[in-house]
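Following: one structure in structure tokens, then a few remarks.
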Amino acid sequence: MTRGELARLSLVVLLFVVIQETVMLDVRIGGVHPDIMVLLPIVAGLIGGPSRGAAIGFTTGLVSDLFLPTPFGLSALVGCLIGFTVGLATIALDRTAWWLPPVAALGGSALYEVTYGALGSVLGQPQMLHVALARIVVVVSVTNALLAIPAVRLVKWGMAEASTEGMPTSDAGVGAAR
Amino acid sequence: MAPPRRSRRPRTTLLLLVFAAVTIITLDARGGLHVVTSGVRSVASDAFSPIRSGVNAIVEPIGSFLAGSVHYGAVREQNQKLQAEIDRLKMESRSAADQAEALRQMSSLLHLTYLGNLQTVPAQVTDFGTSDFAATVDINVGRSDGVQLSMPVVGDGGLVGRVVKVSHHTATVRLITDGQSAVGTRYGPAPGSLAVLNGTGPGKPLSADLVPSNTPLSNGEVFVTSGLQGALFPAGIPVARVVASHTGDSASQESVSLQPESDLPHLRYVTVVLWGPST
């Protein structure tokens, strides 16, 4: 990762944090607020593939954890798993398709919230499954699906180039992928 | 031609990151890293606080618009001019009611008889929970005001929760309805019996533990903090009142539901009690 890319990505993450901690905390739908920080690992996986999705998911998760009352490191754990999963699941798909970001954001966000609650419960926070999980899944998934396309543009700007890492390659393509 | 093959690097990366995350969570939970993580969180809160305030002042109207747009369908057919007038009147009325409610909460916080001579710090609730997975509120006082971890926080009706995160100028309070909250209480005629009130999730009633079966409890009976040695709260703070109780067949404990005494969903102002178990 070049210095320029790191600076641009940091700016994108900062923008997401600012929007989440200001506008999104004021928006409550059925008592639940949207969570656009979840979009970062999903979009990173979609654009950069499983490895970069996991790395960016881990980093942005740690940033999210700074502002959350839940166990420190939990968002990083779920972020890297979701970034990797989305990257892996979309390898065989045409990543330029307009419908892919909203669909990936919808499914990825739902998976993120369920995994977050389940892993939190396993890691000694059983109350995390005693919340309105279905409502959280619906609100976060739908709002993230609506915001997926602008998020993809921002993260694409942040990442120097879309990677083909992790995709099936022939011998000739291996070097380019790395 | 060689068959297609996948790079193994992504899986190695994932395994390393998962290992790192689990290590961080474990060290944080066991206390080894907690000083570091709580310090970093505190610095992040302090650094972000002015940004949050500044951006909030600019974008609050956008947030209000987004929240209001959810209900747009119900009002779209009304006449625009009339609607504007209604909105103006509603805003005036809401503002007056809002100010009256704020005044009521602040006034009642001045006369919290159950706190006796304990030192307190008034605080304003700035945010209702940054996570959908925990019942917490953020308040606008912190270490610079004398607030420390684990200090009790009360509202006009009674106990609200305790401080679980504190930075220089802000703090996070875990409400008594949070699933991780447990409060030692006393109930019944003096000297009173002991029970533990557990949170069951945001907006849900509390449940009581250690109440023997067939205990005669009347609806409205108030449980107050026990203040036993080593307790997390001083004695005598009202916590919650009974809304339902029954004993199941062959159950050894009474099943009791309680409603918090403080109006937790509508908190505006609270009081932090400058008290710790050792004071």
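Following the order of the structure tokens, chains are lettered A, B, ..., residues in each are numbered from 1, and ligands are numbered from 1.
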Could you work out which residues of chain A fall inside 7 Å of chain B? Count only C-alpha atoms, and format the result as a short mmCIF file (atom, residue, chain, number, x, y, z; two decimals) with N, CA and C atoms, in the first residue's frame.
data_model
loop_
_atom_site.label_atom_id
_atom_site.label_comp_id
_atom_site.auth_asym_id
_atom_site.auth_seq_id
_atom_site.Cartn_x
_atom_site.Cartn_y
_atom_site.Cartn_z
N VAL A 18 -17.07 10.15 10.97
CA VAL A 18 -17.75 11.41 11.27
C VAL A 18 -19.24 11.30 10.94
N GLU A 21 -20.93 8.96 13.54
CA GLU A 21 -21.03 9.49 14.90
C GLU A 21 -21.87 10.77 14.99
N THR A 22 -22.26 11.31 13.86
CA THR A 22 -23.07 12.53 13.91
C THR A 22 -24.45 12.26 13.30
N VAL A 23 -24.52 12.21 11.98
CA VAL A 23 -25.82 12.07 11.31
C VAL A 23 -26.50 10.74 11.66
N LEU A 25 -26.18 8.66 14.13
CA LEU A 25 -26.64 8.45 15.51
C LEU A 25 -27.93 9.22 15.78
N ASP A 26 -28.21 10.23 14.94
CA ASP A 26 -29.45 10.99 15.11
C ASP A 26 -30.62 10.33 14.39
N VAL A 27 -30.31 9.44 13.45
CA VAL A 27 -31.38 8.77 12.71
C VAL A 27 -31.73 7.48 13.44
N ARG A 28 -32.98 7.38 13.86
CA ARG A 28 -33.42 6.16 14.55
C ARG A 28 -34.66 5.63 13.87
N VAL A 32 -33.59 1.80 16.18
CA VAL A 32 -32.28 1.30 15.72
C VAL A 32 -31.65 2.35 14.81
N PRO A 50 -10.58 -10.78 -1.29
CA PRO A 50 -10.66 -11.27 0.10
C PRO A 50 -9.55 -10.76 1.02
N SER A 51 -8.32 -10.72 0.53
CA SER A 51 -7.22 -10.37 1.42
C SER A 51 -7.29 -8.91 1.85
N ALA A 54 -10.28 -8.32 4.09
CA ALA A 54 -10.04 -8.72 5.48
C ALA A 54 -9.17 -7.69 6.19
N PHE A 58 -10.48 -5.40 9.19
CA PHE A 58 -9.85 -5.46 10.52
C PHE A 58 -9.52 -4.05 11.02
N LEU A 66 -13.24 1.88 18.87
CA LEU A 66 -12.87 3.01 19.73
C LEU A 66 -14.11 3.74 20.24
N PHE A 67 -15.20 3.66 19.48
CA PHE A 67 -16.39 4.46 19.82
C PHE A 67 -17.54 3.59 20.33
N LEU A 68 -17.32 2.30 20.47
CA LEU A 68 -18.42 1.41 20.86
C LEU A 68 -18.24 0.89 22.29
N PRO A 69 -19.36 0.62 22.97
CA PRO A 69 -19.25 0.09 24.33
C PRO A 69 -19.07 -1.43 24.36
N PRO A 71 -17.17 -5.23 23.38
CA PRO A 71 -15.76 -5.61 23.60
C PRO A 71 -14.82 -5.06 22.53
N PHE A 72 -13.68 -4.57 22.98
CA PHE A 72 -12.69 -4.01 22.05
C PHE A 72 -12.11 -5.15 21.21
N GLY A 73 -12.16 -5.00 19.90
CA GLY A 73 -11.63 -6.02 18.99
C GLY A 73 -12.72 -6.81 18.29
N LEU A 74 -13.95 -6.73 18.83
CA LEU A 74 -15.04 -7.53 18.24
C LEU A 74 -15.37 -7.05 16.82
N ALA A 76 -13.37 -5.58 14.83
CA ALA A 76 -12.22 -5.94 13.99
C ALA A 76 -12.33 -7.39 13.54
N LEU A 77 -12.71 -8.25 14.48
CA LEU A 77 -12.85 -9.68 14.17
C LEU A 77 -13.94 -9.89 13.11
N CYS A 80 -12.98 -8.33 9.59
CA CYS A 80 -12.08 -9.08 8.71
C CYS A 80 -12.78 -10.31 8.16
N GLN A 127 -25.94 -10.97 26.47
CA GLN A 127 -27.04 -10.02 26.23
C GLN A 127 -27.07 -9.54 24.79
N MET A 128 -25.97 -9.74 24.05
CA MET A 128 -25.93 -9.23 22.68
C MET A 128 -26.87 -9.99 21.75
N HIS A 130 -29.88 -10.78 23.02
CA HIS A 130 -31.19 -10.44 23.57
C HIS A 130 -31.60 -9.04 23.18
N VAL A 131 -31.19 -8.60 22.01
CA VAL A 131 -31.62 -7.30 21.50
C VAL A 131 -32.55 -7.56 20.32
N GLY A 166 -6.61 -13.32 -5.10
CA GLY A 166 -7.48 -14.38 -4.62
C GLY A 166 -8.34 -14.99 -5.71
N MET A 167 -8.35 -14.37 -6.88
CA MET A 167 -9.18 -14.91 -7.94
C MET A 167 -8.47 -16.10 -8.59
N PRO A 168 -9.24 -17.00 -9.23
CA PRO A 168 -8.60 -18.13 -9.90
C PRO A 168 -7.69 -17.59 -10.99
N THR A 169 -6.49 -18.10 -11.03
CA THR A 169 -5.55 -17.59 -12.02
C THR A 169 -4.87 -18.76 -12.72
N SER A 170 -4.44 -18.47 -13.93
CA SER A 170 -3.60 -19.44 -14.61
C SER A 170 -2.16 -19.12 -14.22
#
Problem set entry | Those of segment 42-267 of chain B in DSSP helix (DSSP H, G or I), formatted as a VMD selection string | chain B and resid 42 to 69 72 to 75 80 to 109 113 to 115 143 to 145 264 to 266
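Interatomic distance, atom CA of His168 of chain B against atom CA of Ala182 of chain B: 26.6 Å.
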Exercise. If you count only C-alpha atoms, which residues fall within 9 Å of Phe233 of chain B, apart from same-chain ones fewer than 4 positions away, as a ChimeraX atom specification?
Worked result: /B:150-152,162,183-184,225-228,237,275-277
Could you save those same residues with N, CA and C atoms as a PDB file, in the first residue's frame?
ATOM      1  N   SER B 150     -17.044   3.365  37.021  1.00  0.00           N
ATOM      2  CA  SER B 150     -17.904   2.648  37.974  1.00  0.00           C
ATOM      3  C   SER B 150     -18.754   3.550  38.868  1.00  0.00           C
ATOM      4  N   MET B 151     -18.656   4.857  38.709  1.00  0.00           N
ATOM      5  CA  MET B 151     -19.464   5.730  39.566  1.00  0.00           C
ATOM      6  C   MET B 151     -20.949   5.598  39.223  1.00  0.00           C
ATOM      7  N   PRO B 152     -21.830   5.626  40.227  1.00  0.00           N
ATOM      8  CA  PRO B 152     -23.267   5.503  39.961  1.00  0.00           C
ATOM      9  C   PRO B 152     -23.824   6.770  39.301  1.00  0.00           C
ATOM     10  N   ARG B 162     -24.302   2.950  35.665  1.00  0.00           N
ATOM     11  CA  ARG B 162     -22.986   3.332  36.181  1.00  0.00           C
ATOM     12  C   ARG B 162     -22.027   3.596  35.030  1.00  0.00           C
ATOM     13  N   VAL B 183     -27.687  -5.253  39.706  1.00  0.00           N
ATOM     14  CA  VAL B 183     -27.691  -4.307  40.824  1.00  0.00           C
ATOM     15  C   VAL B 183     -28.142  -5.022  42.096  1.00  0.00           C
ATOM     16  N   GLY B 184     -27.325  -4.950  43.147  1.00  0.00           N
ATOM     17  CA  GLY B 184     -27.702  -5.531  44.435  1.00  0.00           C
ATOM     18  C   GLY B 184     -28.731  -4.647  45.110  1.00  0.00           C
ATOM     19  N   THR B 225     -31.208   0.172  46.287  1.00  0.00           N
ATOM     20  CA  THR B 225     -29.860  -0.400  46.336  1.00  0.00           C
ATOM     21  C   THR B 225     -29.521  -0.825  47.762  1.00  0.00           C
ATOM     22  N   SER B 226     -28.819  -1.957  47.879  1.00  0.00           N
ATOM     23  CA  SER B 226     -28.576  -2.530  49.205  1.00  0.00           C
ATOM     24  C   SER B 226     -27.415  -1.853  49.923  1.00  0.00           C
ATOM     25  N   GLY B 227     -26.396  -1.424  49.148  1.00  0.00           N
ATOM     26  CA  GLY B 227     -25.247  -0.768  49.767  1.00  0.00           C
ATOM     27  C   GLY B 227     -24.441  -1.676  50.664  1.00  0.00           C
ATOM     28  N   LEU B 228     -24.494  -2.989  50.397  1.00  0.00           N
ATOM     29  CA  LEU B 228     -23.693  -3.913  51.210  1.00  0.00           C
ATOM     30  C   LEU B 228     -22.213  -3.618  50.992  1.00  0.00           C
ATOM     31  N   ILE B 237     -30.792   3.971  47.072  1.00  0.00           N
ATOM     32  CA  ILE B 237     -31.233   4.606  45.820  1.00  0.00           C
ATOM     33  C   ILE B 237     -32.345   3.752  45.211  1.00  0.00           C
ATOM     34  N   TRP B 275     -18.932   8.744  43.943  1.00  0.00           N
ATOM     35  CA  TRP B 275     -18.873   7.713  44.988  1.00  0.00           C
ATOM     36  C   TRP B 275     -18.271   6.440  44.410  1.00  0.00           C
ATOM     37  N   GLY B 276     -17.424   5.800  45.171  1.00  0.00           N
ATOM     38  CA  GLY B 276     -16.881   4.500  44.766  1.00  0.00           C
ATOM     39  C   GLY B 276     -17.028   3.541  45.921  1.00  0.00           C
ATOM     40  N   PRO B 277     -16.932   2.264  45.684  1.00  0.00           N
ATOM     41  CA  PRO B 277     -17.121   1.276  46.749  1.00  0.00           C
ATOM     42  C   PRO B 277     -16.222   1.516  47.947  1.00  0.00           C
TER      43      PRO B 277
END
Problem set entry | Expected answer as a VMD selection string: strand (DSSP E or B) residues in segment 129-250 of chain B | chain B and resid 136 to 139 152 to 154 159 to 166 171 to 175 182 to 187 193 to 198 206 to 209 212 222 to 225 238 to 246
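For Ala7 of chain A, the list of residues within 12 Å, based on only C-alpha atoms and with local chain neighbours fewer than 4 positions off taken out, reads Met1, Thr2, Arg3, Leu11, Val12, Val13, Leu14, Trp157, Gly158, Met159 and Ala160 of chain A.
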Can you write just those residues out, N, CA and C atoms, as a tab-separated table (two decimals), in the first residue's frame?
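part35.tsv, freshly written:
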chain	number	residue	atom	x	y	z
A	1	MET	N	0.85	-1.20	0.00
A	1	MET	CA	0.00	0.00	0.00
A	1	MET	C	0.88	1.25	0.00
A	2	THR	N	0.62	2.12	-0.97
A	2	THR	CA	1.46	3.33	-1.06
A	2	THR	C	1.02	4.36	-0.01
A	3	ARG	N	1.88	5.36	0.19
A	3	ARG	CA	1.54	6.40	1.17
A	3	ARG	C	0.29	7.16	0.76
A	11	LEU	N	-8.60	9.11	4.99
A	11	LEU	CA	-9.60	10.17	4.84
A	11	LEU	C	-11.00	9.59	4.68
A	12	VAL	N	-11.11	8.53	3.88
A	12	VAL	CA	-12.42	7.89	3.66
A	12	VAL	C	-12.95	7.33	4.99
A	13	VAL	N	-12.06	6.63	5.74
A	13	VAL	CA	-12.50	6.05	7.02
A	13	VAL	C	-12.92	7.16	7.98
A	14	LEU	N	-12.15	8.26	8.01
A	14	LEU	CA	-12.49	9.38	8.89
A	14	LEU	C	-13.86	9.96	8.51
A	157	TRP	N	-11.91	5.34	-4.75
A	157	TRP	CA	-11.00	6.48	-4.79
A	157	TRP	C	-9.89	6.28	-3.75
A	158	GLY	N	-10.27	5.72	-2.60
A	158	GLY	CA	-9.29	5.52	-1.53
A	158	GLY	C	-8.27	4.46	-1.87
A	159	MET	N	-8.72	3.38	-2.52
A	159	MET	CA	-7.79	2.29	-2.86
A	159	MET	C	-7.18	2.60	-4.24
A	160	ALA	N	-5.88	2.44	-4.34
A	160	ALA	CA	-5.20	2.85	-5.57
A	160	ALA	C	-5.75	2.15	-6.79
Exercise. Counting only C-alpha atoms, what is within 6 Å of segment 145-150 of chain A, bar same-chain residues fewer than 4 positions away, as number ranges by chain?
Worked result: A: 101-102, 105-106
Selected residues written out, C-alpha atoms, as a PDB file, in the first residue's frame:
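The result, written out as selection.pdb:
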ATOM      1  CA  PRO A 101     -22.794  -3.306  -4.460  1.00  0.00           C
ATOM      2  CA  PRO A 102     -26.378  -2.952  -3.138  1.00  0.00           C
ATOM      3  CA  ALA A 105     -24.242  -4.546   1.118  1.00  0.00           C
ATOM      4  CA  LEU A 106     -27.658  -6.036   1.879  1.00  0.00           C
TER       5      LEU A 106
END
